[in-house]
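Dumped final-v8.pdb below, it's PDB, C-alpha atoms and all ligand atoms:
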ATOM      1  CA  MET A  13    -159.441   0.887  -6.568  1.00  0.00           C
ATOM      2  CA  SER A  14    -162.829   0.448  -4.936  1.00  0.00           C
ATOM      3  CA  ASP A  15    -163.684   2.058  -1.631  1.00  0.00           C
ATOM      4  CA  ALA A  16    -163.706  -1.335   0.106  1.00  0.00           C
ATOM      5  CA  GLN A  17    -160.241  -2.169  -1.236  1.00  0.00           C
ATOM      6  CA  HIS A  18    -158.962   1.227  -0.202  1.00  0.00           C
ATOM      7  CA  HIS A  19    -160.290   0.764   3.327  1.00  0.00           C
ATOM      8  CA  LYS A  20    -158.867  -2.724   3.619  1.00  0.00           C
ATOM      9  CA  ARG A  21    -155.409  -1.500   2.573  1.00  0.00           C
ATOM     10  CA  LYS A  22    -155.641   1.444   4.884  1.00  0.00           C
ATOM     11  CA  LYS A  23    -156.550  -0.834   7.769  1.00  0.00           C
ATOM     12  CA  LEU A  24    -153.746  -3.304   7.022  1.00  0.00           C
ATOM     13  CA  LEU A  25    -151.153  -0.558   6.725  1.00  0.00           C
ATOM     14  CA  GLY A  26    -152.441   1.556   9.576  1.00  0.00           C
ATOM     15  CA  MET A  27    -152.152   4.569   7.327  1.00  0.00           C
ATOM     16  CA  ASN A  28    -153.316   5.950   4.041  1.00  0.00           C
ATOM     17  CA  PRO A  29    -152.042   3.787   1.126  1.00  0.00           C
ATOM     18  CA  GLY A  30    -151.011   7.020  -0.640  1.00  0.00           C
ATOM     19  CA  THR A  31    -148.900   8.041   2.348  1.00  0.00           C
ATOM     20  CA  ALA A  32    -147.371   4.548   2.526  1.00  0.00           C
ATOM     21  CA  ALA A  33    -146.486   4.569  -1.190  1.00  0.00           C
ATOM     22  CA  HIS A  34    -144.906   8.000  -0.815  1.00  0.00           C
ATOM     23  CA  ARG A  35    -142.843   6.780   2.155  1.00  0.00           C
ATOM     24  CA  LEU A  36    -141.708   3.673   0.280  1.00  0.00           C
ATOM     25  CA  ARG A  37    -140.555   5.729  -2.708  1.00  0.00           C
ATOM     26  CA  LYS A  38    -138.613   8.001  -0.391  1.00  0.00           C
ATOM     27  CA  MET A  39    -136.978   5.020   1.349  1.00  0.00           C
ATOM     28  CA  ILE A  40    -135.865   3.609  -2.013  1.00  0.00           C
ATOM     29  CA  LEU A  41    -134.518   7.015  -2.996  1.00  0.00           C
ATOM     30  CA  TRP A  42    -132.674   7.336   0.329  1.00  0.00           C
ATOM     31  CA  LYS A  43    -131.043   3.910  -0.133  1.00  0.00           C
ATOM     32  CA  PHE A  44    -129.600   4.906  -3.505  1.00  0.00           C
ATOM     33  CA  VAL A  45    -128.653   8.380  -2.370  1.00  0.00           C
ATOM     34  CA  VAL A  46    -126.534   6.902   0.443  1.00  0.00           C
ATOM     35  CA  GLN A  47    -125.142   4.144  -1.800  1.00  0.00           C
ATOM     36  CA  THR A  48    -123.936   6.620  -4.389  1.00  0.00           C
ATOM     37  CA  GLY A  49    -122.649   9.051  -1.763  1.00  0.00           C
ATOM     38  CA  VAL A  50    -124.671  12.037  -2.915  1.00  0.00           C
ATOM     39  CA  ASN A  51    -126.183  12.605   0.534  1.00  0.00           C
ATOM     40  CA  ILE A  52    -124.423  15.947   0.771  1.00  0.00           C
ATOM     41  CA  CYS A  53    -126.543  19.027   1.325  1.00  0.00           C
ATOM     42  CA  TYR A  54    -126.469  21.332  -1.673  1.00  0.00           C
ATOM     43  CA  ARG A  55    -127.093  24.366   0.537  1.00  0.00           C
ATOM     44  CA  CYS A  56    -124.761  23.923   3.555  1.00  0.00           C
ATOM     45  CA  GLY A  57    -122.330  21.307   2.166  1.00  0.00           C
ATOM     46  CA  LYS A  58    -122.693  19.019   5.185  1.00  0.00           C
ATOM     47  CA  GLU A  59    -123.682  15.376   5.153  1.00  0.00           C
ATOM     48  CA  ILE A  60    -127.351  14.425   5.284  1.00  0.00           C
ATOM     49  CA  THR A  61    -127.425  11.671   7.881  1.00  0.00           C
ATOM     50  CA  SER A  62    -131.057  10.663   8.113  1.00  0.00           C
ATOM     51  CA  ILE A  63    -133.953  10.116   5.763  1.00  0.00           C
ATOM     52  CA  ASP A  64    -136.047  12.565   7.742  1.00  0.00           C
ATOM     53  CA  GLU A  65    -133.611  15.329   6.846  1.00  0.00           C
ATOM     54  CA  LEU A  66    -133.565  14.524   3.133  1.00  0.00           C
ATOM     55  CA  SER A  67    -135.344  16.873   0.798  1.00  0.00           C
ATOM     56  CA  ILE A  68    -135.335  17.144  -2.968  1.00  0.00           C
ATOM     57  CA  ASP A  69    -134.278  20.632  -3.817  1.00  0.00           C
ATOM     58  CA  HIS A  70    -134.448  22.773  -6.940  1.00  0.00           C
ATOM     59  CA  LYS A  71    -131.235  24.762  -7.443  1.00  0.00           C
ATOM     60  CA  ARG A  72    -133.076  27.393  -9.422  1.00  0.00           C
ATOM     61  CA  SER A  73    -136.548  28.136  -8.098  1.00  0.00           C
ATOM     62  CA  TRP A  74    -139.166  26.782 -10.491  1.00  0.00           C
ATOM     63  CA  LEU A  75    -141.720  29.106  -8.911  1.00  0.00           C
ATOM     64  CA  LEU A  76    -139.807  32.105 -10.207  1.00  0.00           C
ATOM     65  CA  SER A  77    -138.894  30.522 -13.531  1.00  0.00           C
ATOM     66  CA  GLU A  78    -140.337  31.690 -16.828  1.00  0.00           C
ATOM     67  CA  THR A  79    -140.724  28.025 -17.746  1.00  0.00           C
ATOM     68  CA  PRO A  80    -141.862  26.529 -14.395  1.00  0.00           C
ATOM     69  CA  LEU A  81    -142.825  23.105 -15.733  1.00  0.00           C
ATOM     70  CA  GLU A  82    -139.477  22.545 -17.456  1.00  0.00           C
ATOM     71  CA  THR A  83    -137.566  23.892 -14.475  1.00  0.00           C
ATOM     72  CA  PHE A  84    -139.528  21.669 -12.105  1.00  0.00           C
ATOM     73  CA  PHE A  85    -138.695  18.472 -14.005  1.00  0.00           C
ATOM     74  CA  ASP A  86    -135.180  19.465 -15.080  1.00  0.00           C
ATOM     75  CA  LEU A  87    -133.043  16.739 -13.487  1.00  0.00           C
ATOM     76  CA  ASP A  88    -129.919  18.897 -13.843  1.00  0.00           C
ATOM     77  CA  ASN A  89    -131.671  21.393 -11.601  1.00  0.00           C
ATOM     78  CA  ILE A  90    -132.238  18.814  -8.853  1.00  0.00           C
ATOM     79  CA  ALA A  91    -130.056  18.599  -5.776  1.00  0.00           C
ATOM     80  CA  PHE A  92    -130.453  17.141  -2.318  1.00  0.00           C
ATOM     81  CA  SER A  93    -130.497  19.207   0.812  1.00  0.00           C
ATOM     82  CA  HIS A  94    -131.410  19.094   4.483  1.00  0.00           C
ATOM     83  CA  LEU A  95    -135.104  19.702   4.880  1.00  0.00           C
ATOM     84  CA  SER A  96    -134.273  22.515   7.317  1.00  0.00           C
ATOM     85  CA  CYS A  97    -131.802  24.132   4.887  1.00  0.00           C
ATOM     86  CA  ASN A  98    -134.320  23.908   2.023  1.00  0.00           C
ATOM     87  CA  CYS A  99    -137.224  25.310   4.024  1.00  0.00           C
ATOM     88  CA  SER A 100    -135.304  28.161   5.603  1.00  0.00           C
ATOM     89  CA  VAL A 101    -134.548  29.686   2.203  1.00  0.00           C
ATOM     90  CA  GLY A 102    -136.143  33.088   2.004  1.00  0.00           C
ATOM     91  CA  GLU A 103    -137.383  32.939   5.571  1.00  0.00           C
ATOM     92  CA  HIS A 104    -135.098  35.745   6.644  1.00  0.00           C
ATOM     93  CA  ASP A 105    -137.245  38.067   4.636  1.00  0.00           C
ATOM     94  CA  PRO A 106    -140.936  37.284   5.079  1.00  0.00           C
ATOM     95  CA  THR A 107    -141.921  39.832   2.438  1.00  0.00           C
ATOM     96  CA  GLU A 108    -140.067  37.732  -0.123  1.00  0.00           C
ATOM     97  CA  ARG A 109    -142.176  34.739   0.822  1.00  0.00           C
ATOM     98  CA  ILE A 110    -145.362  36.744   0.742  1.00  0.00           C
ATOM     99  CA  ASN A 111    -144.499  38.239  -2.633  1.00  0.00           C
ATOM    100  CA  LYS A 112    -143.869  34.768  -3.981  1.00  0.00           C
ATOM    101  CA  ARG A 113    -147.220  33.562  -2.715  1.00  0.00           C
ATOM    102  CA  ILE A 114    -149.333  36.600  -3.476  1.00  0.00           C
ATOM    103  CA  HIS A 115    -148.585  38.229  -6.786  1.00  0.00           C
ATOM    104  CA  SER A 116    -148.575  42.011  -7.121  1.00  0.00           C
ATOM    105  CA  ASP A 117    -151.858  41.761  -9.029  1.00  0.00           C
ATOM    106  CA  GLY A 118    -153.477  40.049  -6.009  1.00  0.00           C
ATOM    107  CA  MET A 119    -153.466  36.530  -7.418  1.00  0.00           C
ATOM    108  CA  VAL A 120    -152.510  33.731  -5.031  1.00  0.00           C
ATOM    109  CA  LEU A 121    -150.188  30.828  -5.822  1.00  0.00           C
ATOM    110  CA  CYS A 122    -151.381  27.253  -5.395  1.00  0.00           C
ATOM    111  CA  HIS A 123    -148.478  25.001  -4.401  1.00  0.00           C
ATOM    112  CA  GLU A 124    -150.124  21.987  -6.020  1.00  0.00           C
ATOM    113  CA  CYS A 125    -151.044  23.121  -9.520  1.00  0.00           C
ATOM    114  CA  GLY A 126    -148.519  25.962  -9.510  1.00  0.00           C
ATOM    115  CA  GLU A 127    -151.078  28.444 -10.822  1.00  0.00           C
ATOM    116  CA  TYR A 128    -151.791  31.934  -9.653  1.00  0.00           C
ATOM    117  CA  LEU A 129    -155.535  32.013  -8.960  1.00  0.00           C
ATOM    118  CA  SER A 130    -157.925  34.587  -7.570  1.00  0.00           C
ATOM    119  CA  PRO A 131    -158.109  34.531  -3.731  1.00  0.00           C
ATOM    120  CA  ASP A 132    -161.686  33.176  -3.702  1.00  0.00           C
ATOM    121  CA  LYS A 133    -160.325  29.905  -5.114  1.00  0.00           C
ATOM    122  CA  PHE A 134    -158.681  29.323  -1.716  1.00  0.00           C
ATOM    123  CA  SER A 135    -160.115  28.631   1.693  1.00  0.00           C
ATOM    124  CA  LEU A 136    -158.564  30.370   4.649  1.00  0.00           C
ATOM    125  CA  ARG A 137    -156.372  28.679   7.209  1.00  0.00           C
ATOM    126  CA  PRO A 138    -158.297  27.848  10.373  1.00  0.00           C
ATOM    127  CA  GLU A 139    -157.792  30.253  13.227  1.00  0.00           C
ATOM    128  CA  GLY A 140    -154.938  29.092  15.443  1.00  0.00           C
ATOM    129  CA  ASP A 141    -153.008  27.834  12.407  1.00  0.00           C
ATOM    130  CA  MET A 142    -151.496  31.228  11.695  1.00  0.00           C
ATOM    131  CA  ALA A 143    -148.539  31.040  14.103  1.00  0.00           C
ATOM    132  CA  GLY A 144    -145.417  32.056  12.227  1.00  0.00           C
ATOM    133  CA  ARG A 145    -147.347  32.307   8.985  1.00  0.00           C
ATOM    134  CA  HIS A 146    -147.816  35.385   6.906  1.00  0.00           C
ATOM    135  CA  VAL A 147    -150.387  34.322   4.354  1.00  0.00           C
ATOM    136  CA  PRO A 148    -153.941  33.540   5.492  1.00  0.00           C
ATOM    137  CA  TYR A 149    -154.723  31.236   2.553  1.00  0.00           C
ATOM    138  CA  ARG A 150    -154.280  27.486   2.588  1.00  0.00           C
ATOM    139  CA  PRO A 151    -151.328  26.326   0.471  1.00  0.00           C
ATOM    140  CA  HIS A 152    -153.490  24.549  -2.101  1.00  0.00           C
ATOM    141  CA  CYS A 153    -156.515  25.800  -4.025  1.00  0.00           C
ATOM    142  CA  LYS A 154    -159.930  24.292  -3.290  1.00  0.00           C
ATOM    143  CA  LYS A 155    -159.837  22.179  -6.451  1.00  0.00           C
ATOM    144  CA  CYS A 156    -156.402  20.756  -5.665  1.00  0.00           C
ATOM    145  CA  ARG A 157    -157.401  20.083  -2.065  1.00  0.00           C
ATOM    146  CA  VAL A 158    -160.149  17.769  -3.302  1.00  0.00           C
ATOM    147  CA  ILE A 159    -157.701  15.991  -5.624  1.00  0.00           C
ATOM    148  CA  ARG A 160    -155.132  15.653  -2.850  1.00  0.00           C
ATOM    149  CA  LYS A 161    -157.756  14.221  -0.499  1.00  0.00           C
ATOM    150  CA  THR A 162    -158.833  11.525  -2.967  1.00  0.00           C
ATOM    151  CA  ARG A 163    -155.172  10.735  -3.633  1.00  0.00           C
ATOM    152  CA  GLY A 164    -154.623  10.190   0.089  1.00  0.00           C
ATOM    153  CA  ASP A 165    -152.141  12.958   0.831  1.00  0.00           C
ATOM    154  CA  SER A 166    -152.483  13.700   4.492  1.00  0.00           C
ATOM    155  CA  TYR A 167    -151.403  17.285   4.373  1.00  0.00           C
TER     156      TYR A 167
HETATM  157 ZN    ZN A 201    -127.878  21.606   4.884  1.00  0.00          ZN
HETATM  158 ZN    ZN A 202    -154.354  24.285  -7.362  1.00  0.00          ZN
END
Take the structure in the file and give it back as structure tokens.
Ligand SMILES: [Zn+2]
Ligand SMILES: [Zn+2]
Amino acid sequence: MSDAQHHKRKKLLGMNPGTAAHRLRKMILWKFVVQTGVNICYRCGKEITSIDELSIDHKRSWLLSETPLETFFDLDNIAFSHLSCNCSVGEHDPTERINKRIHSDGMVLCHECGEYLSPDKFSLRPEGDMAGRHVPYRPHCKKCRVIRKTRGDSY
């Protein structure tokens, strides 16, 4: 897509076309999830009642798997959960989160490419963005940040 096309679409949609496409895919998913009655949270067992609460969850963590790629795309390993239930996993013990993110050898995990890279491959979070956070690095490596930007991911 050319830059002009991209800007036209962005203007018409009032948002990044990448963000819009992501939202549309999620809406389609939500429709079928409700239709087939699988909108039950894998973690707390309660019903998921709104699309904003829906998250795609991995039953076994792919980050800790010896075969992360296979585990990530293993459909039998996929469940649905409340976003809040999914995100609160491991939060009781911040060291667990930190250990997941920063390996004992000092390498830092990029949440986009899933690789452990040396810390200089990451930029630091801006000051004031550290509230409740334990790791000073941005979630994605510099290389992935560029890719995500061109793809239109807003975060
Ligand atoms: Zn739940
Ligand atoms: Zn990366």
Next item on the list: Name the residues, using the chain letters and numbers of the file, that sit within 8 Å of (-154.1, 27.8, 6.4) when counting only C-alpha atoms, and give them as an MDAnalysis selection string.
Entry: chainID A and resid 135:138 141:142 147:151
Notebook entry, point to check: Applied to the shown file, which residues does the PyMOL selection byres (((chain A and resi 17-21) around 12) and not hetatm) return, written as a ChimeraX atom specification?
Noted result: /A:13-16,22-33,162-164
Mind running chain A against ligand ZN 201 (chain A) at 9 Å and telling me each contacting residue's nearest atom pair with the distance in Å (one decimal), counting only C-alpha atoms and all ligand atoms, chain and number ascending, as a Markdown table?
| residue | atom | partner | partner_atom | distance |
| --- | --- | --- | --- | --- |
| A:Ile52 | CA | A:ZN201 | ZN | 7.8 |
| A:Cys53 | CA | A:ZN201 | ZN | 4.6 |
| A:Tyr54 | CA | A:ZN201 | ZN | 6.7 |
| A:Arg55 | CA | A:ZN201 | ZN | 5.2 |
| A:Cys56 | CA | A:ZN201 | ZN | 4.1 |
| A:Gly57 | CA | A:ZN201 | ZN | 6.2 |
| A:Lys58 | CA | A:ZN201 | ZN | 5.8 |
| A:Glu59 | CA | A:ZN201 | ZN | 7.5 |
| A:Ile60 | CA | A:ZN201 | ZN | 7.2 |
| A:Glu65 | CA | A:ZN201 | ZN | 8.7 |
| A:Phe92 | CA | A:ZN201 | ZN | 8.9 |
| A:Ser93 | CA | A:ZN201 | ZN | 5.4 |
| A:His94 | CA | A:ZN201 | ZN | 4.4 |
| A:Leu95 | CA | A:ZN201 | ZN | 7.5 |
| A:Ser96 | CA | A:ZN201 | ZN | 6.9 |
| A:Cys97 | CA | A:ZN201 | ZN | 4.7 |
| A:Asn98 | CA | A:ZN201 | ZN | 7.4 |
Can you write out the residues you just picked, keeping C-alpha atoms, as a compact mmCIF listing (two decimals), keeping the file's coordinate frame?
# COMPACT_ATOMS: atom_id res chain seq x y z
CA ILE A 52 -124.42 15.95 0.77
CA CYS A 53 -126.54 19.03 1.32
CA TYR A 54 -126.47 21.33 -1.67
CA ARG A 55 -127.09 24.37 0.54
CA CYS A 56 -124.76 23.92 3.56
CA GLY A 57 -122.33 21.31 2.17
CA LYS A 58 -122.69 19.02 5.18
CA GLU A 59 -123.68 15.38 5.15
CA ILE A 60 -127.35 14.42 5.28
CA GLU A 65 -133.61 15.33 6.85
CA PHE A 92 -130.45 17.14 -2.32
CA SER A 93 -130.50 19.21 0.81
CA HIS A 94 -131.41 19.09 4.48
CA LEU A 95 -135.10 19.70 4.88
CA SER A 96 -134.27 22.52 7.32
CA CYS A 97 -131.80 24.13 4.89
CA ASN A 98 -134.32 23.91 2.02
Report as a PDB file with C-alpha atoms, in the frame of the given file which protein, DNA and RNA residues come within 12 Å of ligand ZN 202 (chain A), using only C-alpha atoms and all ligand atoms.
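Full text of selection24.pdb as output:
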ATOM      1  CA  VAL A 120    -152.510  33.731  -5.031  1.00  0.00           C
ATOM      2  CA  LEU A 121    -150.188  30.828  -5.822  1.00  0.00           C
ATOM      3  CA  CYS A 122    -151.381  27.253  -5.395  1.00  0.00           C
ATOM      4  CA  HIS A 123    -148.478  25.001  -4.401  1.00  0.00           C
ATOM      5  CA  GLU A 124    -150.124  21.987  -6.020  1.00  0.00           C
ATOM      6  CA  CYS A 125    -151.044  23.121  -9.520  1.00  0.00           C
ATOM      7  CA  GLY A 126    -148.519  25.962  -9.510  1.00  0.00           C
ATOM      8  CA  GLU A 127    -151.078  28.444 -10.822  1.00  0.00           C
ATOM      9  CA  TYR A 128    -151.791  31.934  -9.653  1.00  0.00           C
ATOM     10  CA  LEU A 129    -155.535  32.013  -8.960  1.00  0.00           C
ATOM     11  CA  SER A 130    -157.925  34.587  -7.570  1.00  0.00           C
ATOM     12  CA  PRO A 131    -158.109  34.531  -3.731  1.00  0.00           C
ATOM     13  CA  LYS A 133    -160.325  29.905  -5.114  1.00  0.00           C
ATOM     14  CA  PHE A 134    -158.681  29.323  -1.716  1.00  0.00           C
ATOM     15  CA  SER A 135    -160.115  28.631   1.693  1.00  0.00           C
ATOM     16  CA  ARG A 150    -154.280  27.486   2.588  1.00  0.00           C
ATOM     17  CA  PRO A 151    -151.328  26.326   0.471  1.00  0.00           C
ATOM     18  CA  HIS A 152    -153.490  24.549  -2.101  1.00  0.00           C
ATOM     19  CA  CYS A 153    -156.515  25.800  -4.025  1.00  0.00           C
ATOM     20  CA  LYS A 154    -159.930  24.292  -3.290  1.00  0.00           C
ATOM     21  CA  LYS A 155    -159.837  22.179  -6.451  1.00  0.00           C
ATOM     22  CA  CYS A 156    -156.402  20.756  -5.665  1.00  0.00           C
ATOM     23  CA  ARG A 157    -157.401  20.083  -2.065  1.00  0.00           C
ATOM     24  CA  VAL A 158    -160.149  17.769  -3.302  1.00  0.00           C
ATOM     25  CA  ILE A 159    -157.701  15.991  -5.624  1.00  0.00           C
ATOM     26  CA  ARG A 160    -155.132  15.653  -2.850  1.00  0.00           C
TER      27      ARG A 160
END
Note to self: Every residue with an atom at most 10 Å from (-137.9, 9.1, 0.8) (file coordinates; all atoms listed in the file) is what I'm after, so could you write them as a list in words?
What the structure shows: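 Every polymer residue passing the test: Ala33, His34, Arg35, Leu36, Arg37, Lys38, Met39, Ile40, Leu41, Trp42, Lys43, Val45, Ile63, Asp64, Glu65, Leu66, Ser67 and Ile68 of chain A.
Nearest residue to A:Asn111, choosing from A:Asn51, A:Leu76, A:His70, A:Lys161 and counting all atoms listed in the file: A:Leu76.
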Note to self: Can you measure atom CA of A:Asp69 to atom CA of A:Arg113 for me? One decimal in Å is fine.
What the structure shows: 18.3 Å
Next item on the list: Could you tell me how far atom CA of A:Arg145 lies from atom CA of A:His115, in Å and to one decimal?
Entry: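 That distance, rounded to one decimal, is 16.9 Å.
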With 8 Å on each side, where is the centre of the axis-aligned box around all listed atoms of stretch 111-125 of chain A, and how long are its edges in Å to one decimal, as AutoDock Vina command-line options?
--center_x -148.7 --center_y 32.0 --center_z -6.1 --size_x 25.6 --size_y 36.0 --size_z 22.9
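Of the residues under consideration (A:Val46, A:Ile90, A:Ile114, A:Met119), A:Ile90 shows the shortest atom-to-atom contact distance to A:Arg72 when counting only C-alpha atoms.
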Next item on the list: Can you pull out every residue within 9 Å of stretch 82-88 of chain A, counting all atoms listed in the file, but drop anything in the same chain fewer than 4 positions away, and send it as a PyMOL selection string?
Entry: chain A and resi 70-75+77-78
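The gap separating atom CA of A:Asn89 from atom CA of A:His146 is 28.3 Å, in Å to one decimal.
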